[in-house]
>>> print(open('final_16.pdb').read())   # PDB, C-alpha atoms, pLDDT in the B column
ATOM      1  CA  VAL V   3      45.479 -35.467   2.754  1.00 54.00           C
ATOM      2  CA  ASN V   4      44.715 -31.864   3.625  1.00 69.00           C
ATOM      3  CA  TYR V   5      44.071 -29.808   0.557  1.00 70.00           C
ATOM      4  CA  ILE V   6      43.296 -26.193   1.449  1.00 82.00           C
ATOM      5  CA  ALA V   7      43.070 -23.536  -1.235  1.00 85.00           C
ATOM      6  CA  THR V   8      42.552 -19.818  -0.717  1.00 88.00           C
ATOM      7  CA  LEU V   9      40.540 -17.457  -2.882  1.00 89.00           C
ATOM      8  CA  THR V  10      41.490 -13.788  -2.760  1.00 90.00           C
ATOM      9  CA  SER V  11      39.129 -11.566  -4.714  1.00 89.00           C
ATOM     10  CA  GLU V  12      37.608  -8.134  -4.975  1.00 88.00           C
ATOM     11  CA  PRO V  13      34.680  -7.379  -2.666  1.00 87.00           C
ATOM     12  CA  PRO V  14      31.166  -8.032  -4.016  1.00 86.00           C
ATOM     13  CA  ASN V  15      30.125  -5.414  -6.575  1.00 86.00           C
ATOM     14  CA  THR V  16      27.568  -4.814  -9.317  1.00 84.00           C
ATOM     15  CA  HIS V  17      29.976  -5.003 -12.285  1.00 84.00           C
ATOM     16  CA  VAL V  18      28.856  -8.108 -14.160  1.00 83.00           C
ATOM     17  CA  ASN V  19      31.641  -7.960 -16.770  1.00 86.00           C
ATOM     18  CA  ASN V  20      34.552  -7.528 -14.332  1.00 88.00           C
ATOM     19  CA  PHE V  21      36.148  -9.860 -11.830  1.00 89.00           C
ATOM     20  CA  THR V  22      39.628  -9.888 -10.352  1.00 91.00           C
ATOM     21  CA  GLY V  23      40.942 -12.538  -8.043  1.00 91.00           C
ATOM     22  CA  LYS V  24      43.676 -15.020  -7.219  1.00 93.00           C
ATOM     23  CA  LEU V  25      43.427 -18.691  -6.323  1.00 90.00           C
ATOM     24  CA  THR V  26      46.267 -19.902  -4.109  1.00 90.00           C
ATOM     25  CA  LEU V  27      46.782 -23.670  -4.229  1.00 87.00           C
ATOM     26  CA  PRO V  28      48.851 -25.523  -1.600  1.00 86.00           C
ATOM     27  CA  PRO V  29      52.289 -26.883  -2.513  1.00 84.00           C
ATOM     28  CA  VAL V  30      52.304 -30.199  -4.342  1.00 81.00           C
ATOM     29  CA  HIS V  31      54.988 -31.689  -2.057  1.00 83.00           C
ATOM     30  CA  GLU V  32      56.589 -30.604   1.189  1.00 83.00           C
ATOM     31  CA  GLY V  33      58.980 -27.665   0.927  1.00 85.00           C
ATOM     32  CA  ALA V  34      57.646 -26.460  -2.454  1.00 87.00           C
ATOM     33  CA  ARG V  35      56.018 -23.097  -3.016  1.00 89.00           C
ATOM     34  CA  SER V  36      52.278 -22.522  -3.274  1.00 87.00           C
ATOM     35  CA  GLU V  37      50.907 -21.963  -6.736  1.00 89.00           C
ATOM     36  CA  HIS V  38      49.017 -18.749  -7.512  1.00 91.00           C
ATOM     37  CA  THR V  39      46.492 -18.723 -10.343  1.00 90.00           C
ATOM     38  CA  PRO V  40      45.072 -15.382 -11.484  1.00 93.00           C
ATOM     39  CA  LEU V  41      41.323 -15.301 -12.058  1.00 91.00           C
ATOM     40  CA  ASP V  42      39.294 -12.974 -14.267  1.00 91.00           C
ATOM     41  CA  ILE V  43      35.774 -12.854 -15.723  1.00 89.00           C
ATOM     42  CA  GLU V  44      36.604 -15.788 -18.035  1.00 88.00           C
ATOM     43  CA  ASN V  45      36.838 -18.029 -14.941  1.00 88.00           C
ATOM     44  CA  VAL V  46      33.478 -17.005 -13.445  1.00 87.00           C
ATOM     45  CA  LEU V  47      30.021 -18.470 -14.012  1.00 86.00           C
ATOM     46  CA  LEU V  48      27.249 -16.164 -12.892  1.00 82.00           C
ATOM     47  CA  ARG V  49      24.085 -17.338 -11.194  1.00 80.00           C
ATOM     48  CA  GLY V  50      21.827 -19.300 -13.536  1.00 81.00           C
ATOM     49  CA  ALA V  51      24.588 -20.072 -16.061  1.00 86.00           C
ATOM     50  CA  VAL V  52      24.769 -23.564 -17.576  1.00 88.00           C
ATOM     51  CA  LEU V  53      28.081 -25.305 -18.342  1.00 87.00           C
ATOM     52  CA  ARG V  54      27.900 -27.702 -21.317  1.00 91.00           C
ATOM     53  CA  ASN V  55      30.181 -29.997 -23.290  1.00 92.00           C
ATOM     54  CA  THR V  56      32.615 -30.371 -20.393  1.00 89.00           C
ATOM     55  CA  GLU V  57      33.704 -33.687 -18.882  1.00 90.00           C
ATOM     56  CA  TRP V  58      34.643 -32.333 -15.473  1.00 89.00           C
ATOM     57  CA  VAL V  59      35.025 -29.089 -13.591  1.00 85.00           C
ATOM     58  CA  ILE V  60      36.262 -27.900 -10.221  1.00 80.00           C
ATOM     59  CA  GLY V  61      34.017 -25.231  -8.805  1.00 83.00           C
ATOM     60  CA  LEU V  62      34.149 -22.766  -5.971  1.00 83.00           C
ATOM     61  CA  ALA V  63      31.301 -20.526  -4.826  1.00 84.00           C
ATOM     62  CA  CYS V  64      32.779 -17.111  -4.158  1.00 84.00           C
ATOM     63  CA  PHE V  65      29.708 -14.879  -3.634  1.00 82.00           C
ATOM     64  CA  THR V  66      26.320 -16.226  -2.551  1.00 80.00           C
ATOM     65  CA  GLY V  67      22.949 -14.883  -1.447  1.00 80.00           C
ATOM     66  CA  ALA V  68      22.575 -11.112  -1.552  1.00 79.00           C
ATOM     67  CA  ASP V  69      26.242 -10.701  -2.553  1.00 80.00           C
ATOM     68  CA  THR V  70      25.866 -12.156  -6.046  1.00 78.00           C
ATOM     69  CA  LYS V  71      26.413  -9.766  -8.926  1.00 79.00           C
ATOM     70  CA  LEU V  72      22.974 -10.416 -10.397  1.00 76.00           C
ATOM     71  CA  VAL V  73      21.135  -9.853  -7.102  1.00 80.00           C
ATOM     72  CA  MET V  74      23.085  -6.649  -6.495  1.00 80.00           C
ATOM     73  CA  ASN V  75      22.052  -5.451  -9.980  1.00 79.00           C
ATOM     74  CA  SER V  76      18.372  -6.209  -9.470  1.00 80.00           C
ATOM     75  CA  VAL V  77      16.169  -3.279  -8.529  1.00 78.00           C
ATOM     76  CA  ALA V  78      12.844  -3.155  -6.762  1.00 77.00           C
ATOM     77  CA  THR V  79       9.840  -3.383  -9.034  1.00 79.00           C
ATOM     78  CA  PRO V  80       8.531   0.108  -9.683  1.00 78.00           C
ATOM     79  CA  SER V  81       5.026   0.991  -8.586  1.00 77.00           C
ATOM     80  CA  LYS V  82       2.316   0.445 -11.176  1.00 83.00           C
ATOM     81  CA  PHE V  83       0.620   3.660 -10.012  1.00 83.00           C
ATOM     82  CA  SER V  84       1.717   6.908 -11.560  1.00 88.00           C
ATOM     83  CA  GLN V  85       2.174  10.035  -9.474  1.00 89.00           C
ATOM     84  CA  LEU V  86      -1.115  11.339 -10.872  1.00 92.00           C
ATOM     85  CA  ASP V  87      -2.950   8.161  -9.798  1.00 92.00           C
ATOM     86  CA  MET V  88      -1.619   8.483  -6.257  1.00 92.00           C
ATOM     87  CA  LEU V  89      -2.533  12.192  -6.137  1.00 95.00           C
ATOM     88  CA  ILE V  90      -6.068  11.474  -7.364  1.00 96.00           C
ATOM     89  CA  ASN V  91      -6.467   8.652  -4.796  1.00 95.00           C
ATOM     90  CA  ARG V  92      -5.407  10.949  -1.956  1.00 96.00           C
ATOM     91  CA  THR V  93      -7.683  13.728  -3.245  1.00 98.00           C
ATOM     92  CA  VAL V  94     -10.697  11.415  -3.499  1.00 98.00           C
ATOM     93  CA  THR V  95     -10.046  10.151   0.040  1.00 98.00           C
ATOM     94  CA  LEU V  96      -9.797  13.731   1.321  1.00 98.00           C
ATOM     95  CA  VAL V  97     -13.028  14.753  -0.431  1.00 98.00           C
ATOM     96  CA  PHE V  98     -14.782  11.683   0.995  1.00 98.00           C
ATOM     97  CA  MET V  99     -13.651  12.534   4.544  1.00 98.00           C
ATOM     98  CA  ILE V 100     -14.753  16.166   4.127  1.00 98.00           C
ATOM     99  CA  MET V 101     -18.158  14.977   2.899  1.00 98.00           C
ATOM    100  CA  ILE V 102     -18.570  12.683   5.924  1.00 98.00           C
ATOM    101  CA  VAL V 103     -17.721  15.556   8.291  1.00 98.00           C
ATOM    102  CA  CYS V 104     -20.161  17.851   6.441  1.00 98.00           C
ATOM    103  CA  VAL V 105     -22.969  15.276   6.613  1.00 98.00           C
ATOM    104  CA  PHE V 106     -22.555  14.834  10.364  1.00 98.00           C
ATOM    105  CA  CYS V 107     -22.279  18.583  11.043  1.00 98.00           C
ATOM    106  CA  LEU V 108     -25.239  19.505   8.838  1.00 97.00           C
ATOM    107  CA  GLY V 109     -27.312  16.629  10.245  1.00 97.00           C
ATOM    108  CA  ALA V 110     -26.663  17.824  13.799  1.00 97.00           C
ATOM    109  CA  ALA V 111     -27.448  21.433  12.811  1.00 97.00           C
ATOM    110  CA  ALA V 112     -30.687  20.395  11.068  1.00 93.00           C
ATOM    111  CA  SER V 113     -31.774  18.387  14.092  1.00 91.00           C
ATOM    112  CA  ALA V 114     -31.088  21.320  16.423  1.00 92.00           C
ATOM    113  CA  VAL V 115     -32.916  23.818  14.186  1.00 89.00           C
ATOM    114  CA  ASN V 116     -35.921  21.496  13.762  1.00 84.00           C
ATOM    115  CA  HIS V 117     -36.130  20.985  17.505  1.00 82.00           C
ATOM    116  CA  GLN V 118     -35.831  24.735  18.127  1.00 84.00           C
ATOM    117  CA  HIS V 119     -38.468  25.729  15.544  1.00 81.00           C
ATOM    118  CA  PHE V 120     -40.812  22.766  15.991  1.00 76.00           C
ATOM    119  CA  GLU V 121     -43.895  24.997  16.341  1.00 71.00           C
ATOM    120  CA  GLU V 122     -43.179  26.716  13.046  1.00 72.00           C
ATOM    121  CA  LEU V 123     -43.185  23.525  10.969  1.00 70.00           C
ATOM    122  CA  TRP V 124     -46.761  24.081   9.740  1.00 63.00           C
ATOM    123  CA  TYR V 125     -46.101  22.146   6.537  1.00 67.00           C
ATOM    124  CA  ALA V 126     -45.385  18.987   8.529  1.00 68.00           C
ATOM    125  CA  GLY V 127     -48.595  19.150  10.532  1.00 64.00           C
ATOM    126  CA  TYR V 128     -46.886  18.790  13.906  1.00 66.00           C
ATOM    127  CA  SER V 129     -47.918  20.708  16.991  1.00 64.00           C
ATOM    128  CA  ARG V 130     -47.293  20.388  20.717  1.00 67.00           C
ATOM    129  CA  ASP V 131     -50.628  22.024  21.486  1.00 68.00           C
ATOM    130  CA  LEU V 132     -53.219  19.237  21.289  1.00 66.00           C
ATOM    131  CA  THR V 133     -56.174  21.650  21.163  1.00 69.00           C
ATOM    132  CA  GLU V 134     -54.975  23.572  18.130  1.00 63.00           C
ATOM    133  CA  PRO V 135     -56.271  22.290  14.776  1.00 60.00           C
ATOM    134  CA  TRP V 136     -53.917  21.477  12.014  1.00 57.00           C
ATOM    135  CA  PRO V 137     -52.890  24.541  10.021  1.00 56.00           C
ATOM    136  CA  TYR V 138     -54.346  23.316   6.766  1.00 53.00           C
ATOM    137  CA  PHE V 139     -57.666  22.460   8.475  1.00 54.00           C
ATOM    138  CA  ASN V 140     -58.357  26.149   9.035  1.00 56.00           C
ATOM    139  CA  LEU V 141     -59.967  26.289   5.632  1.00 60.00           C
ATOM    140  CA  GLU V 142     -63.638  27.136   5.201  1.00 62.00           C
ATOM    141  CA  GLY V 143     -65.822  24.136   5.706  1.00 62.00           C
ATOM    142  CA  SER V 144     -63.170  22.044   7.375  1.00 62.00           C
ATOM    143  CA  SER V 145     -64.162  22.788  10.967  1.00 62.00           C
ATOM    144  CA  TYR V 146     -66.015  19.492  11.287  1.00 65.00           C
ATOM    145  CA  ILE V 147     -62.767  17.504  10.863  1.00 64.00           C
ATOM    146  CA  GLU V 148     -61.485  16.448  14.252  1.00 66.00           C
ATOM    147  CA  ASN V 149     -57.957  17.110  15.462  1.00 64.00           C
ATOM    148  CA  PRO V 150     -55.589  14.141  15.162  1.00 65.00           C
ATOM    149  CA  VAL V 151     -54.660  12.186  18.230  1.00 71.00           C
ATOM    150  CA  TRP V 152     -50.964  12.737  18.923  1.00 71.00           C
ATOM    151  CA  GLU V 153     -49.034   9.882  20.386  1.00 76.00           C
ATOM    152  CA  ASP V 154     -46.588  11.069  23.023  1.00 76.00           C
ATOM    153  CA  LYS V 155     -43.658   8.828  23.824  1.00 68.00           C
TER
END
>>> encode(input="final_16.pdb", output="structure tokens")
Amino acid sequence: VNYIATLTSEPPNTHVNNFTGKLTLPPVHEGARSEHTPLDIENVLLRGAVLRNTEWVIGLACFTGADTKLVMNSVATPSKFSQLDMLINRTVTLVFMIMIVCVFCLGAAASAVNHQHFEELWYAGYSRDLTEPWPYFNLEGSSYIENPVWEDK
């Protein structure tokens, strides 16, 4: 026995309280007309619904997957970060990057200046001239202190 029914309904939508459709059943015997049964929201069980106190039921899945009314009504979870939090995070990242650039630029500049003015760094006690005494050994009574031995690499 071939029993083929047809469901004609509205396209999937987000209206949970509305449904319009028609169930067309095949003729009971040859030569008879098909039966049309109107369907409304009273004939629909939404996803997750439980049917109780019923001996039997004939069911038909009309919309599944992403087309269900409940899935179409669900929205993406909003971000837990406020706009101010995101702005502060971007600002802190920007300040951090600027600080890194400044450290590298100032480090390179300090290295170049120290190399250029190496002879003038009297407070560090460095000198390229091995015969010259240390600047702070030029005090009275300190002439007997020998010059340090510089290691050249």
>>> resolve_selection(input="final_16.pdb", expression="the PyMOL selection byres ((chain V and resi 27) around 6)", output="MDAnalysis selection string")
chainID V and resid 7 26 28 36:37
>>> atom_distance(input="final_16.pdb", atom1="CA of Leu47 (chain V)", atom2="CA of Arg35 (chain V)")
28.6 Å
>>> closest_residue(input="final_16.pdb", among="V:Val18, V:Ile90, V:Val30, V:Ile43", to="Tyr5 (chain V)", atoms="only C-alpha atoms")
V:Val30
>>> residues_around(input="final_16.pdb", residues="region 57-62 of chain V", least_positions_apart="2", cutoff="10 Å", atoms="only C-alpha atoms", output="ChimeraX atom specification")
/V:9,45-47,53-55,64-65
>>> residues_around(input="final_16.pdb", residues="Thr66 (chain V)", least_positions_apart="5", cutoff="12 Å", atoms="only C-alpha atoms", output="short mmCIF file (atom, residue, chain, number, x, y, z; two decimals) with C-alpha atoms, keeping the file's coordinate frame")
data_model
loop_
_atom_site.label_atom_id
_atom_site.label_comp_id
_atom_site.auth_asym_id
_atom_site.auth_seq_id
_atom_site.Cartn_x
_atom_site.Cartn_y
_atom_site.Cartn_z
CA PRO V 14 31.17 -8.03 -4.02
CA LEU V 48 27.25 -16.16 -12.89
CA ARG V 49 24.08 -17.34 -11.19
CA LYS V 71 26.41 -9.77 -8.93
CA LEU V 72 22.97 -10.42 -10.40
CA VAL V 73 21.14 -9.85 -7.10
CA MET V 74 23.08 -6.65 -6.50
#
>>> closest_residue(input="final_16.pdb", among="V:Thr70, V:Asn20, V:Gln118, V:Gln85", to="Gly50 (chain V)", atoms="all atoms listed in the file")
V:Thr70
>>> axis_aligned_box(input="final_16.pdb", around="region 50-56 of chain V", padding_each_side="5 Å", output="lines of an AutoDock Vina configuration file")
center_x = 27.2
center_y = -24.8
center_z = -18.4
size_x = 20.8
size_y = 21.1
size_z = 19.8
>>> resolve_selection(input="final_16.pdb", expression="the PyMOL selection byres ((chain V and resi 23) around 6)", output="compact mmCIF listing (two decimals) with C-alpha atoms, in the frame of the given file")
# COMPACT_ATOMS: atom_id res chain seq x y z
CA THR V 10 41.49 -13.79 -2.76
CA SER V 11 39.13 -11.57 -4.71
CA THR V 22 39.63 -9.89 -10.35
CA LYS V 24 43.68 -15.02 -7.22
CA LEU V 41 41.32 -15.30 -12.06
>>> atom_distance(input="final_16.pdb", atom1="CA of Val97 (chain V)", atom2="CA of Phe83 (chain V)")
20.0 Å
>>> atom_distance(input="final_16.pdb", atom1="CA of Ala111 (chain V)", atom2="CA of Asp154 (chain V)")
24.0 Å
